[in-house]
Each structure stands twice: as C-alpha cells, then as structure tokens.
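Worksheet: the structure to be examined is printed underneath.
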Amino acid sequence: MSPLAIRDARAEDADDIAGVHVRSWQAAYRGLIDQSVLDGLSVDERAAGWRRILAEPLPTSLGTLVAVRDDRLVGWASLGSGRDPDGLADGEVYGIYADPSAWSTGAGHALLAAAEQRITEAGHDRAYLWVLDGNERADAFYARHGWLEDGAIKIEERPQLTLREHRRVKTLPA
C-alpha cells in the first residue's frame, strides 16, 4: 500500500470531499438513518456546501484536513474550537470520514492524530466530537484512540431526519 499524506484541504478538493462524505454516510449509517434519506444524498449538493465551507470557514474553524493516497482523496477531518455552549474552551472535531474503501487502512487514524495535533497547537488541552447513536464502528474507533463518552446527548433536527448523538471527549497530550 502506498504511503498516506495528510494535508490541508484546498478549494479544488470540494468534489472529492463531498464524494467521501456521501459514500461514508451511505455505508456507515445504513440501518441507522432511513434508507431513502441515504439514497437521496447528492454529491453535487454536498460539493456546493464544501466549496462554501472551504472558501468561507467558520470563525471557529482550525481547518479541514484531507488524507490522500496515490493521488486519491480517501478521507477528511474538519475541526476547530468548540461550537457547543459548554465546550467553548475545548477543541472540536466537527466531522471525520474515510471512504469505505479506505476503512481499516490507517486513514482515519492518521486524520484523527493530525486533528488532535492541530487542536493542541491552537491551545486546547481537551477536545470533543459527536457520534451518531448506534454507530458501533465509530464508537469502537474512538474508544481505541482514547475518546471517552461523557454522557452528553444532542438531538439534531434536519429535513426528513432526526439525529441523536452522544459526545466523546479526550484530554489531549501537551
């Protein structure tokens, strides 16, 4: 297997990020989210959203990282300062996804390690992220990397779906 490179996302990555985003949702959330919603996900719509995010990041953003192997984008992580009212002093992994074809290849590990490092460099000694309830694969991945459930729950209402998520936190090494 070729080496994996982690770098900052660029505007021209929007389509590839969106493709990973859609394919990973469709694979990881099968049985957790209504199949018609998953089938209706649009790479073009997500790409438009990613073009906006990359051009005009949130004021709290610390960037979006991408994992690239053999000139192919295989994963991404978006991160920044915490957006939750009780997490403002913490860093947050807003989202992290690997293409299903890249699962168990080290892409997720490398992205998470790079995200943790960037959050630490920004001055945060703790970070959190949200996991969709029932996503056992993600829970096991985060647990292996030292992210612990803290009991917080959030319900996110979106058109055609309700997402129930639980929070995981990690104290980051100095």
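If you're wondering about the labels, chains in the structure tokens are A, B, ... by order shown, residues count from 1 in each chain, ligands from 1 in order shown.
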Would you return as a ChimeraX atom specification the members of chain A that DSSP assigns to strand (DSSP E) on this structure's backbone?
/A:4-8,61-69,72-81,91-98,126-132,148-158,161-171
Just want the 12 Å neighbourhood of Ile153 of chain A, counted on only C-alpha atoms, with same-chain residues fewer than 3 positions away dropped. Output as an MDAnalysis selection string.
chainID A and resid 84 129:133 149:150 156 163:168
Could you pull out the residues in segment 8-120 of chain A that DSSP calls helix (DSSP H, G or I) from the backbone, as a ChimeraX atom specification?
/A:11-28,35-39,43-55,85-87,100-102,107-120
Skipping near chain neighbours, those fewer than 4 positions away, what residues fall within 12 Å of Gln35 of chain A using only C-alpha atoms, listed as a ChimeraX atom specification?
/A:25-31,39-41,160-161
Save the residues we just selected, N, CA, C and O atoms, as a CSV table (one decimal), in the first residue's frame?
```csv
chain,number,residue,atom,x,y,z
A,25,TRP,N,-21.4,8.2,4.6
A,25,TRP,CA,-22.7,8.2,5.2
A,25,TRP,C,-23.5,7.0,4.8
A,25,TRP,O,-24.2,6.4,5.6
A,26,GLN,N,-23.5,6.8,3.5
A,26,GLN,CA,-24.4,5.7,3.0
A,26,GLN,C,-23.9,4.3,3.5
A,26,GLN,O,-24.7,3.4,3.7
A,27,ALA,N,-22.6,4.2,3.8
A,27,ALA,CA,-22.1,2.9,4.3
A,27,ALA,C,-22.3,2.8,5.8
A,27,ALA,O,-22.8,1.9,6.4
A,28,ALA,N,-21.8,3.9,6.5
A,28,ALA,CA,-21.7,3.8,8.0
A,28,ALA,C,-23.1,4.0,8.6
A,28,ALA,O,-23.3,3.4,9.7
A,29,TYR,N,-24.0,4.6,8.0
A,29,TYR,CA,-25.3,4.9,8.6
A,29,TYR,C,-26.5,4.0,8.1
A,29,TYR,O,-27.6,4.2,8.4
A,30,ARG,N,-26.1,3.0,7.3
A,30,ARG,CA,-27.1,2.1,6.8
A,30,ARG,C,-27.7,1.4,8.0
A,30,ARG,O,-27.0,0.9,8.9
A,31,GLY,N,-29.1,1.4,8.1
A,31,GLY,CA,-29.8,0.8,9.2
A,31,GLY,C,-29.9,1.8,10.4
A,31,GLY,O,-30.7,1.5,11.3
A,39,ASP,N,-30.2,7.2,0.3
A,39,ASP,CA,-30.2,7.1,-1.2
A,39,ASP,C,-30.3,8.5,-1.9
A,39,ASP,O,-29.9,8.6,-3.0
A,40,GLY,N,-30.9,9.4,-1.2
A,40,GLY,CA,-31.1,10.8,-1.8
A,40,GLY,C,-30.0,11.7,-1.6
A,40,GLY,O,-30.0,12.9,-2.0
A,41,LEU,N,-28.9,11.3,-0.9
A,41,LEU,CA,-27.8,12.2,-0.7
A,41,LEU,C,-27.2,12.5,-2.1
A,41,LEU,O,-27.0,11.6,-2.9
A,160,GLN,N,-36.3,15.7,7.0
A,160,GLN,CA,-36.5,14.3,6.8
A,160,GLN,C,-35.8,13.4,7.8
A,160,GLN,O,-35.9,12.2,7.7
A,161,LEU,N,-35.1,13.9,8.8
A,161,LEU,CA,-34.4,13.1,9.8
A,161,LEU,C,-34.1,13.8,11.1
A,161,LEU,O,-33.9,15.0,11.1
```
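Of the residues under consideration (A:Val68, A:Gly19, A:Ala98, A:Gln117), A:Gly19 shows the shortest atom-to-atom contact distance to Asp44 of chain A when counting only C-alpha atoms.
Summary of the local environment: counting only C-alpha atoms, residues at most 6 Å from Arg51 of chain A, other than itself and those fewer than 3 positions away along its chain, are Ala14, Ala48 and Leu54 of chain A.
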Which of these residues is nearest to Glu45 of chain A, using only C-alpha atoms: A:Asp70, A:Asp99, A:Asp15, A:Glu157?
A:Asp15
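Between Glu121 of chain A and the candidates A:Ala174, A:Trp103, A:Ala138, A:Glu92, the tightest atom-to-atom separation, counting only C-alpha atoms, involves A:Ala174.
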List as a ChimeraX atom specification the protein and nucleic acid residues near Ile6 of chain A, meaning an atom at most 9 Å away when only C-alpha atoms are counted, but skip any in the same chain fewer than 5 places from it.
/A:65-68,76,107,110-111,114
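Restricting the calculation to only C-alpha atoms, the smallest distance between Val74 of chain A and any of A:Thr120, A:Ser2, A:Thr171, A:Ser101 is found for A:Ser101.
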